[in-house]
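What follows is the content of start-v1.cif (mmCIF, C-alpha atoms).
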```cif
data_final
#
loop_
_atom_site.label_atom_id
_atom_site.label_comp_id
_atom_site.auth_asym_id
_atom_site.auth_seq_id
_atom_site.Cartn_x
_atom_site.Cartn_y
_atom_site.Cartn_z
CA MET A 1 39.17 53.31 -54.11
CA LYS A 2 37.81 51.47 -51.10
CA LYS A 3 39.97 48.86 -49.42
CA ALA A 4 39.01 45.55 -47.86
CA VAL A 5 40.79 42.80 -45.94
CA VAL A 6 39.59 39.23 -46.47
CA THR A 7 40.89 36.45 -44.22
CA GLY A 8 40.32 32.91 -45.46
CA SER A 9 40.65 34.37 -48.95
CA ASN A 10 41.73 31.16 -50.66
CA GLY A 11 38.63 29.17 -49.68
CA PHE A 12 35.42 28.69 -51.66
CA VAL A 13 33.59 31.64 -50.11
CA GLY A 14 36.68 33.79 -49.55
CA SER A 15 37.97 33.62 -53.14
CA ASN A 16 34.51 34.44 -54.48
CA LEU A 17 34.32 37.36 -52.06
CA VAL A 18 37.65 38.67 -53.37
CA GLU A 19 36.27 38.45 -56.91
CA GLY A 20 33.06 40.21 -55.91
CA LEU A 21 34.95 43.06 -54.26
CA LEU A 22 37.19 43.46 -57.30
CA GLN A 23 34.14 43.77 -59.53
CA ARG A 24 33.03 46.68 -57.37
CA GLY A 25 36.35 48.48 -57.66
CA TYR A 26 37.92 47.57 -54.31
CA ILE A 27 41.57 47.11 -53.49
CA VAL A 28 41.66 43.76 -51.70
CA TYR A 29 44.21 42.45 -49.21
CA ALA A 30 43.77 38.70 -49.44
CA VAL A 31 45.12 37.06 -46.29
CA VAL A 32 46.42 33.48 -46.46
CA ARG A 33 47.95 31.46 -43.65
CA SER A 34 51.32 30.52 -45.10
CA SER A 35 53.55 30.61 -48.15
CA LYS A 36 52.49 26.99 -48.74
CA SER A 37 48.80 27.88 -49.04
CA ASN A 38 47.05 27.02 -52.28
CA ILE A 39 46.25 30.41 -53.80
CA SER A 40 45.02 29.13 -57.16
CA ARG A 41 41.45 30.24 -56.48
CA ILE A 42 42.37 33.85 -55.70
CA PRO A 43 41.84 36.07 -58.75
CA ILE A 44 44.92 37.46 -60.48
CA ASN A 45 44.52 41.22 -60.49
CA GLN A 46 46.69 44.27 -59.85
CA ASN A 47 44.27 45.30 -57.10
CA VAL A 48 44.71 42.05 -55.17
CA HIS A 49 47.56 41.98 -52.68
CA LEU A 50 48.39 38.64 -51.07
CA ILE A 51 49.35 38.82 -47.42
CA VAL A 52 50.82 35.87 -45.51
CA CYS A 53 49.66 35.86 -41.91
CA GLU A 54 48.98 32.86 -39.69
CA LEU A 55 45.60 33.03 -38.00
CA LYS A 56 47.21 32.83 -34.57
CA GLU A 57 49.37 35.84 -35.54
CA ILE A 58 46.53 37.97 -36.92
CA SER A 59 47.47 40.75 -34.47
CA THR A 60 50.56 41.38 -36.63
CA LEU A 61 48.46 42.11 -39.73
CA PRO A 62 48.37 45.93 -39.33
CA GLY A 63 52.15 46.02 -39.51
CA LYS A 64 52.14 43.93 -42.66
CA LEU A 65 49.74 46.47 -44.18
CA GLN A 66 51.88 49.38 -42.95
CA HIS A 67 48.97 50.53 -40.74
CA GLN A 68 47.07 52.01 -43.68
CA LYS A 69 43.36 52.75 -43.38
CA ILE A 70 41.05 49.91 -44.44
CA ASP A 71 37.32 50.28 -45.02
CA PHE A 72 36.04 46.76 -44.35
CA PHE A 73 37.50 43.71 -42.63
CA PHE A 74 35.86 40.43 -43.66
CA HIS A 75 36.84 37.67 -41.24
CA LEU A 76 36.20 34.26 -42.80
CA ALA A 77 39.24 32.33 -41.58
CA TRP A 78 38.41 29.54 -39.14
CA GLU A 79 40.42 26.42 -38.40
CA GLY A 80 38.52 23.16 -38.05
CA SER A 81 35.31 24.16 -39.80
CA SER A 82 34.60 20.63 -41.01
CA GLY A 83 35.32 16.99 -40.24
CA LYS A 84 36.75 15.67 -36.99
CA GLU A 85 38.39 19.01 -36.16
CA ARG A 86 34.97 20.39 -35.28
CA ALA A 87 35.20 18.24 -32.15
CA ASP A 88 38.60 19.65 -31.13
CA TYR A 89 37.68 22.06 -28.33
CA ILE A 90 41.22 23.43 -28.02
CA LEU A 91 41.26 24.33 -31.70
CA GLN A 92 37.79 25.83 -31.51
CA LEU A 93 38.63 27.88 -28.43
CA ASN A 94 41.65 29.26 -30.25
CA ASN A 95 39.36 30.39 -33.09
CA ILE A 96 37.46 32.53 -30.61
CA LYS A 97 40.67 34.22 -29.46
CA CYS A 98 41.83 34.76 -33.05
CA THR A 99 38.49 36.36 -33.93
CA CYS A 100 38.86 38.85 -31.07
CA ASP A 101 42.46 39.50 -32.12
CA ALA A 102 41.21 40.15 -35.65
CA VAL A 103 38.84 42.80 -34.28
CA LYS A 104 41.78 44.54 -32.60
CA ALA A 105 43.69 44.41 -35.87
CA ALA A 106 40.69 45.96 -37.63
CA ALA A 107 40.67 48.75 -35.04
CA GLU A 108 44.36 49.48 -35.68
CA LEU A 109 43.57 49.65 -39.39
CA GLN A 110 40.78 52.19 -38.66
CA CYS A 111 38.19 49.93 -40.24
CA GLU A 112 34.67 51.20 -40.65
CA LYS A 113 33.22 47.71 -40.17
CA PHE A 114 34.27 44.27 -39.07
CA ILE A 115 32.20 41.61 -40.85
CA PHE A 116 32.18 38.25 -39.10
CA ALA A 117 31.28 35.10 -41.04
CA GLY A 118 28.86 33.54 -38.62
CA SER A 119 27.00 30.29 -39.17
CA ILE A 120 23.42 29.20 -38.96
CA MET A 121 24.78 26.31 -36.88
CA GLN A 122 25.37 28.68 -33.97
CA TYR A 123 21.62 29.22 -33.76
CA GLU A 124 20.99 25.52 -34.16
CA ALA A 125 23.30 24.86 -31.20
CA LYS A 126 21.65 27.58 -29.13
CA GLN A 127 18.22 26.09 -29.77
CA TYR A 128 19.14 22.43 -29.42
CA LEU A 129 21.30 22.72 -26.31
CA SER A 130 18.47 24.42 -24.46
CA GLU A 131 16.20 21.41 -25.03
CA ARG A 132 15.61 19.21 -22.01
CA ASN A 133 16.70 15.91 -23.55
CA ALA A 134 19.47 17.21 -25.80
CA LEU A 135 22.36 14.81 -26.37
CA PRO A 136 24.90 16.87 -28.34
CA GLY A 137 27.99 15.31 -29.85
CA ARG A 138 31.41 16.92 -29.67
CA GLY A 139 30.85 18.40 -33.10
CA TYR A 140 28.82 21.04 -31.31
CA PHE A 141 32.11 22.53 -30.06
CA TYR A 142 32.34 24.18 -33.49
CA SER A 143 28.80 25.59 -33.38
CA VAL A 144 29.12 26.86 -29.82
CA SER A 145 32.50 28.42 -30.62
CA LYS A 146 30.97 30.29 -33.54
CA LEU A 147 28.30 31.60 -31.18
CA ALA A 148 30.86 32.63 -28.55
CA ALA A 149 33.10 34.26 -31.17
CA ASP A 150 30.15 36.27 -32.46
CA TYR A 151 29.25 37.60 -29.01
CA MET A 152 32.83 38.29 -27.95
CA ALA A 153 33.82 39.91 -31.24
CA LYS A 154 30.80 42.20 -30.97
CA ILE A 155 31.85 43.24 -27.46
CA GLU A 156 35.44 43.79 -28.60
CA SER A 157 34.27 45.80 -31.62
CA ILE A 158 32.10 48.11 -29.56
CA ASN A 159 34.93 48.76 -27.11
CA ASN A 160 37.38 49.40 -29.97
CA LYS A 161 34.91 51.69 -31.77
CA VAL A 162 34.65 49.45 -34.84
CA GLY A 163 31.29 48.82 -36.46
CA TYR A 164 30.36 45.14 -36.12
CA VAL A 165 28.13 42.99 -38.32
CA ASN A 166 27.52 39.27 -38.09
CA CYS A 167 26.70 37.61 -41.41
CA LEU A 168 24.71 34.59 -40.32
CA ILE A 169 25.45 32.32 -43.28
CA SER A 170 22.96 29.62 -44.19
CA ASN A 171 24.04 26.92 -46.69
CA ILE A 172 26.15 28.19 -49.56
CA TYR A 173 26.66 26.06 -52.65
CA GLY A 174 27.67 26.46 -56.27
CA VAL A 175 30.34 26.16 -58.93
CA GLY A 176 33.77 25.58 -57.42
CA GLU A 177 32.63 23.93 -54.19
CA VAL A 178 34.67 20.77 -53.55
CA THR A 179 34.02 19.98 -49.89
CA GLU A 180 31.73 17.28 -48.55
CA ARG A 181 28.71 19.50 -48.11
CA PHE A 182 25.17 18.31 -48.74
CA ILE A 183 24.50 19.75 -52.22
CA ASN A 184 27.89 18.78 -53.60
CA VAL A 185 27.78 15.24 -52.20
CA THR A 186 24.18 14.64 -53.28
CA ILE A 187 24.75 15.77 -56.86
CA ARG A 188 27.84 13.57 -57.16
CA LYS A 189 25.94 10.57 -55.82
CA MET A 190 23.15 11.19 -58.30
CA LEU A 191 25.60 11.45 -61.19
CA LYS A 192 27.28 8.20 -60.14
CA GLY A 193 24.02 6.35 -59.75
CA GLU A 194 24.65 5.59 -56.08
CA SER A 195 21.95 4.83 -53.52
CA LEU A 196 20.19 7.97 -52.36
CA LEU A 197 19.40 7.49 -48.70
CA PHE A 198 17.94 10.38 -46.72
CA SER A 199 15.92 11.16 -43.64
CA LYS A 200 12.27 12.02 -44.16
CA GLY A 201 13.49 15.54 -44.95
CA GLU A 202 10.85 17.23 -42.85
CA GLN A 203 13.25 19.72 -41.26
CA ASN A 204 13.34 23.20 -42.77
CA TYR A 205 16.39 24.20 -44.81
CA ASP A 206 17.70 27.01 -46.93
CA PHE A 207 20.33 27.09 -49.67
CA ILE A 208 21.83 30.15 -51.35
CA TYR A 209 23.99 30.20 -54.47
CA ILE A 210 27.55 31.46 -54.01
CA SER A 211 27.25 34.62 -56.14
CA ASP A 212 24.09 35.68 -54.30
CA ALA A 213 25.74 35.07 -50.94
CA ILE A 214 28.70 37.24 -51.93
CA ASN A 215 26.42 40.04 -53.13
CA ALA A 216 24.59 39.89 -49.81
CA MET A 217 27.78 40.03 -47.72
CA ILE A 218 29.12 43.03 -49.59
CA LEU A 219 25.73 44.75 -49.36
CA VAL A 220 25.75 44.22 -45.59
CA ALA A 221 29.26 45.67 -45.36
CA GLU A 222 28.38 48.75 -47.35
CA ARG A 223 24.88 49.49 -46.08
CA GLY A 224 24.13 47.26 -43.11
CA GLU A 225 23.39 48.60 -39.65
CA ILE A 226 26.33 48.32 -37.27
CA ASN A 227 26.25 46.10 -34.18
CA SER A 228 23.64 43.90 -35.79
CA GLU A 229 23.08 40.61 -37.58
CA TYR A 230 21.92 39.72 -41.08
CA TYR A 231 20.83 36.31 -42.24
CA ILE A 232 22.60 35.48 -45.53
CA GLY A 233 19.98 33.43 -47.31
CA ASN A 234 16.50 33.53 -48.77
CA ASN A 235 13.46 35.04 -47.10
CA GLN A 236 11.56 31.76 -47.44
CA VAL A 237 12.57 28.31 -46.26
CA TYR A 238 11.26 24.90 -47.23
CA GLN A 239 11.44 21.33 -46.02
CA LEU A 240 14.65 19.56 -47.03
CA LYS A 241 12.76 16.95 -49.05
CA ARG A 242 11.58 19.66 -51.46
CA TYR A 243 15.18 20.51 -52.33
CA ILE A 244 16.10 16.82 -52.64
CA ILE A 245 13.27 16.16 -55.07
CA LEU A 246 14.18 19.21 -57.16
CA MET A 247 17.79 18.06 -57.33
CA ARG A 248 16.70 14.60 -58.42
CA ASP A 249 14.43 16.00 -61.14
CA ILE A 250 17.26 18.12 -62.53
CA VAL A 251 20.29 15.85 -62.10
CA ALA A 252 18.92 12.30 -62.40
CA PRO A 253 15.16 12.24 -63.15
CA THR A 254 14.91 8.45 -63.05
CA ALA A 255 16.80 8.02 -59.76
CA LYS A 256 14.94 6.50 -56.82
CA LEU A 257 14.92 8.55 -53.65
CA GLN A 258 14.77 6.68 -50.35
CA LEU A 259 13.32 9.33 -48.09
CA GLY A 260 13.02 8.08 -44.52
CA ALA A 261 15.76 5.47 -44.90
CA ILE A 262 17.94 7.30 -42.38
CA PRO A 263 16.64 8.32 -38.94
CA TYR A 264 16.93 11.99 -38.02
CA ASN A 265 17.48 12.84 -34.38
CA GLY A 266 18.72 16.39 -34.78
CA PRO A 267 16.95 19.68 -34.08
CA PHE A 268 14.25 21.27 -36.19
CA LEU A 269 15.58 24.80 -36.51
CA ASP A 270 13.07 27.57 -35.89
CA TYR A 271 13.83 30.03 -38.69
CA SER A 272 11.32 32.53 -37.34
CA ALA A 273 13.89 33.47 -34.70
CA LEU A 274 16.46 34.44 -37.36
CA ASN A 275 14.69 37.45 -38.90
CA ILE A 276 15.39 35.94 -42.32
CA ASP A 277 13.68 38.71 -44.30
CA ARG A 278 15.66 41.59 -42.79
CA LEU A 279 18.26 41.66 -45.57
CA HIS A 280 15.49 41.74 -48.18
CA ARG A 281 13.30 44.22 -46.34
CA GLU A 282 15.89 46.77 -45.20
CA LEU A 283 18.55 46.53 -47.93
CA ASN A 284 16.32 45.42 -50.82
CA PHE A 285 18.38 42.29 -51.44
CA LYS A 286 17.07 39.99 -54.16
CA PRO A 287 18.79 36.69 -55.05
CA GLU A 288 19.49 36.39 -58.76
CA ILE A 289 19.98 32.62 -58.99
CA THR A 290 17.01 30.36 -58.29
CA PHE A 291 17.66 27.00 -56.67
CA GLU A 292 16.85 25.23 -59.92
CA ARG A 293 19.28 27.38 -61.89
CA GLY A 294 21.97 26.99 -59.25
CA ILE A 295 21.68 23.22 -59.30
CA LYS A 296 21.97 23.16 -63.09
CA LEU A 297 25.11 25.30 -62.97
CA THR A 298 26.61 23.18 -60.20
CA ARG A 299 25.69 19.92 -61.94
CA ASP A 300 27.29 21.06 -65.21
CA TRP A 301 30.48 22.04 -63.39
CA ILE A 302 30.70 18.76 -61.49
CA GLU A 303 30.05 16.76 -64.65
CA LYS A 304 32.88 18.56 -66.40
CA ASN A 305 35.39 18.43 -63.57
CA TYR A 306 34.26 15.48 -61.49
CA LEU A 307 36.61 13.18 -59.60
CA PRO A 308 35.43 10.67 -56.97
CA CYS A 309 37.16 12.32 -54.02
CA ALA A 310 36.53 15.96 -53.24
CA GLY A 311 40.08 16.39 -52.02
CA ASN A 312 41.47 14.91 -55.21
CA MET A 313 39.03 16.99 -57.23
CA GLU A 314 40.53 20.18 -55.87
CA LYS A 315 44.07 18.95 -56.42
CA GLU A 316 43.41 17.83 -59.99
CA LEU A 317 41.46 20.90 -61.00
CA ASP A 318 44.12 23.19 -59.65
CA GLY A 319 47.02 20.82 -60.16
CA ASN A 320 49.27 23.15 -62.08
CA ASN A 321 48.72 25.99 -59.65
CA ILE A 322 49.32 23.79 -56.63
CA LYS A 323 52.54 22.53 -58.19
CA LEU A 324 53.59 26.11 -58.73
CA ASN A 325 52.87 26.91 -55.10
CA ARG A 326 55.06 24.01 -53.99
CA GLU A 327 57.87 25.03 -56.31
CA MET A 328 57.75 28.59 -55.07
CA ARG A 329 57.19 27.92 -51.37
CA GLY A 330 60.55 29.49 -50.55
CA GLY A 331 60.08 32.55 -52.74
CA LYS A 332 58.52 35.47 -50.90
CA SER A 333 58.01 37.29 -54.18
CA LEU A 334 55.04 35.01 -54.93
CA TYR A 335 53.07 36.72 -52.20
CA LYS A 336 54.58 40.17 -52.34
CA ASN A 337 53.68 40.59 -55.97
CA HIS A 338 50.60 38.87 -57.33
CA GLN A 339 51.43 40.06 -60.82
CA ARG A 340 54.71 38.17 -60.61
CA TYR A 341 52.69 35.06 -59.80
CA ASN A 342 50.69 35.63 -62.97
CA TYR A 343 53.92 36.00 -64.92
CA LEU A 344 55.28 32.77 -63.46
CA GLN A 345 52.09 30.94 -64.40
CA LYS A 346 52.53 31.98 -68.01
CA ASN A 347 56.25 31.36 -68.18
CA SER A 348 56.59 27.93 -66.57
CA LEU A 349 58.72 28.81 -63.59
CA LYS A 350 61.48 30.64 -65.44
CA TYR A 351 62.46 32.36 -62.22
CA LEU A 352 64.53 30.61 -59.60
CA LEU A 353 63.56 30.05 -56.03
CA GLY A 354 64.39 32.89 -53.71
CA GLU A 355 64.07 35.64 -56.28
CA THR A 356 62.70 38.80 -54.70
CA ALA A 357 60.29 41.29 -56.25
#
```

Here is a file; write its structure as structure tokens.
Amino acid sequence: MKKAVVTGSNGFVGSNLVEGLLQRGYIVYAVVRSSKSNISRIPINQNVHLIVCELKEISTLPGKLQHQKIDFFFHLAWEGSSGKERADYILQLNNIKCTCDAVKAAAELQCEKFIFAGSIMQYEAKQYLSERNALPGRGYFYSVSKLAADYMAKIESINNKVGYVNCLISNIYGVGEVTERFINVTIRKMLKGESLLFSKGEQNYDFIYISDAINAMILVAERGEINSEYYIGNNQVYQLKRYIILMRDIVAPTAKLQLGAIPYNGPFLDYSALNIDRLHRELNFKPEITFERGIKLTRDWIEKNYLPCAGNMEKELDGNNIKLNREMRGGKSLYKNHQRYNYLQKNSLKYLLGETA
């Protein structure tokens, strides 16, 4: 059986990646940052092994895995990927170092490939910052750090003889997403009947459903060319207003859209520079979920599980699991044996704190 490491495994994308790898018969080492991490999203399976390793201590990961050979190393973990922390340059600089350290860990584990979760925002920053009258905010520290981490991790990979691939991720959405991203926020506003204020929506955009994004990332790991980059998205892009109108027609057909109510001063990303059809052309990737179908699935999930605050949504939806995490925060067995976690879920914390596997 092939083996894969996934950092950031308890996030929206990471947990779905773990599930996708399991479906393909992988043994997965799901890395979380601490024994207090919420692991409720990570699938319960005998082939999933939870590993506690702080991002800043990622160089110790090979020892935690007893230096066994790993096929693929998916690096998704990144501190400060949203909100005000994007503007924290110290935090973002540390992410670059941790990414390079992760490459070294992958080399020690004799990995065939290191797959970096890049972001389309790194290209946006590259394009915008080169413009003569650019006035970037501090939030661009995140985008520029992603770009620097990509370049430096590639250099480190080549010099450590590890195959490197950058997955340039567009905009992932779908069932289970609880953060304040565009699709999630817009659907919730539509369901609540709130005012729908947007820019003119003339900038090009792309959205890919979570299951398709996971299929693409695994395909790139298994068959992608090393020391290269693949755009994780569709091979056609459209103006943002097209997606907004489609969402309105599906979620709240009678809602009034106020396109142009908000000024847009950001960049107009040139997708032609991203080689967006490479994944489709070289690896025969075909998304299975259309945008319309994805929005219906996401809408149905939000309607069923909706709470006003995304943070509260996550806590309420996973409340029992989070409580279990808190109760067991001192018990190392929770992370040493995922099956024991499953047993504890079913037996209402019969075991005492501190019990070892």

Using all atoms listed in the file, what table do you get, as JSON lines, when you list each residue of segment 68-187 of chain A with an atom no more than 10 Å from segment 274-298 of chain A, its nearest pair of atoms, and their distance in Å rounded to one decimal, rows by chain then rising number?
```
{"residue": "A:Ile120", "atom": "CA", "partner": "A:Leu274", "partner_atom": "CA", "distance": 8.9}
{"residue": "A:Tyr123", "atom": "CA", "partner": "A:Leu274", "partner_atom": "CA", "distance": 8.2}
{"residue": "A:Leu168", "atom": "CA", "partner": "A:Leu274", "partner_atom": "CA", "distance": 8.8}
{"residue": "A:Tyr173", "atom": "CA", "partner": "A:Thr298", "partner_atom": "CA", "distance": 8.1}
{"residue": "A:Gly174", "atom": "CA", "partner": "A:Thr298", "partner_atom": "CA", "distance": 5.2}
{"residue": "A:Val175", "atom": "CA", "partner": "A:Thr298", "partner_atom": "CA", "distance": 4.9}
{"residue": "A:Gly176", "atom": "CA", "partner": "A:Thr298", "partner_atom": "CA", "distance": 8.0}
{"residue": "A:Glu177", "atom": "CA", "partner": "A:Thr298", "partner_atom": "CA", "distance": 8.5}
{"residue": "A:Ile183", "atom": "CA", "partner": "A:Ile295", "partner_atom": "CA", "distance": 8.4}
{"residue": "A:Asn184", "atom": "CA", "partner": "A:Thr298", "partner_atom": "CA", "distance": 8.0}
{"residue": "A:Ile187", "atom": "CA", "partner": "A:Thr298", "partner_atom": "CA", "distance": 8.3}
```

For Ser9 of chain A, which residue out of A:Leu61, A:Ala30, A:Ile218, A:Ala106 is the nearest one, using all atoms listed in the file?
A:Ala30

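When only C-alpha atoms are used to measure the gap to Trp78 of chain A, the shortest distance among A:Asn16, A:His49, A:Ala149, A:Gly63 belongs to A:Ala149.
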
Please provide as a list in words all residues within 12 Å of Arg242 of chain A, with the sequence filter that same-chain residues fewer than 4 positions apart are discarded (counting all atoms listed in the file).
Lys200, Gly201, Glu202, Gln203, Asn204, Tyr205, Asp206, Phe207, Val237, Tyr238, Leu246, Met247, Arg248, Asp249, Leu257, Leu259, Phe291 and Glu292 of chain A

List every protein, DNA or RNA residue that has at least one atom no more than 7 Å from (35.3, 52.8, -39.1) in the file's coordinates, counting only C-alpha atoms, and write the result as a PyMOL selection string.
chain A and resi 71+110-113+162-163

File of the preceding selection, C-alpha atoms, as an mmCIF file, in the coordinates of the input:
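Generated file (again-v4.cif):
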```cif
data_model
loop_
_atom_site.group_PDB
_atom_site.id
_atom_site.type_symbol
_atom_site.label_atom_id
_atom_site.label_comp_id
_atom_site.auth_asym_id
_atom_site.auth_seq_id
_atom_site.Cartn_x
_atom_site.Cartn_y
_atom_site.Cartn_z
ATOM 1 C CA ASP A 71 37.320 50.280 -45.020
ATOM 2 C CA GLN A 110 40.780 52.190 -38.660
ATOM 3 C CA CYS A 111 38.190 49.930 -40.240
ATOM 4 C CA GLU A 112 34.670 51.200 -40.650
ATOM 5 C CA LYS A 113 33.220 47.710 -40.170
ATOM 6 C CA VAL A 162 34.650 49.450 -34.840
ATOM 7 C CA GLY A 163 31.290 48.820 -36.460
#
```

Polymer residues at most 9 Å from segment 151-159 of chain A, all atoms listed in the file, same-chain spacing of 6 or more positions, as a PyMOL selection string:
chain A and resi 96-97+99-104+106-107+113-114+116+165-166+227-228

Between A:Ala261, A:Ile244, A:Ala117, A:Met190, which is the closest to Val220 of chain A once you count all atoms listed in the file?
A:Ala117

Determine the residue membership of the PyMOL selection byres ((chain A and resi 266) around 10) for the file above and supply it as a PyMOL selection string.
chain A and resi 124+128+134-136+203+263-265+267-269

Apply the PyMOL selection byres ((chain A and resi 3) around 6) to the displayed file and report the matching residues as a ChimeraX atom specification.
/A:2,4,26-28,70-71

Given the file shown, determine the residues that the PyMOL selection byres ((chain A and resi 18) around 9) selects; report them as a compact mmCIF listing (two decimals) with C-alpha atoms, keeping the file's coordinate frame.
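What ended up in selection_7.txt:
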```txt
# COMPACT_ATOMS: atom_id res chain seq x y z
CA ALA A 4 39.01 45.55 -47.86
CA VAL A 6 39.59 39.23 -46.47
CA SER A 9 40.65 34.37 -48.95
CA ASN A 10 41.73 31.16 -50.66
CA VAL A 13 33.59 31.64 -50.11
CA GLY A 14 36.68 33.79 -49.55
CA SER A 15 37.97 33.62 -53.14
CA ASN A 16 34.51 34.44 -54.48
CA LEU A 17 34.32 37.36 -52.06
CA GLU A 19 36.27 38.45 -56.91
CA GLY A 20 33.06 40.21 -55.91
CA LEU A 21 34.95 43.06 -54.26
CA LEU A 22 37.19 43.46 -57.30
CA GLN A 23 34.14 43.77 -59.53
CA TYR A 26 37.92 47.57 -54.31
CA VAL A 28 41.66 43.76 -51.70
CA TYR A 29 44.21 42.45 -49.21
CA ALA A 30 43.77 38.70 -49.44
CA ILE A 42 42.37 33.85 -55.70
CA PRO A 43 41.84 36.07 -58.75
CA VAL A 48 44.71 42.05 -55.17
```

Nearest to Leu91 of chain A, chosen from A:Lys256, A:Lys56, A:Lys64, A:Arg24, with all atoms listed in the file counted in the distances:
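Between A:Lys256, A:Lys56, A:Lys64, A:Arg24, the residue approaching Leu91 of chain A most closely is A:Lys56.
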
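The space separating atom CA of Asn235 of chain A from atom CA of Gln127 of chain A comes to 20.1 Å.
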
Kindly give the distance, in Å, that separates atom CA of Gly83 of chain A and atom CA of Val251 of chain A, rounded to a single decimal.
26.6 Å

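Atom pair atom CA of Ala87 of chain A / atom CA of Lys146 of chain A has a distance of 12.8 Å (rounded to one decimal).
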
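Using only C-alpha atoms, the contacts of Ile115 of chain A at a cut-off of 7 Å, with sequence neighbours closer than 3 positions omitted, comprise Phe73, Phe74, His75, Tyr164, Val165, Asn166, Cys167 and Ala221 of chain A.
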
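Each of A:Leu219, A:Gly80, A:Ser199, A:Glu108 was compared to His67 of chain A using all atoms listed in the file, and A:Glu108 turns out to be the nearest.
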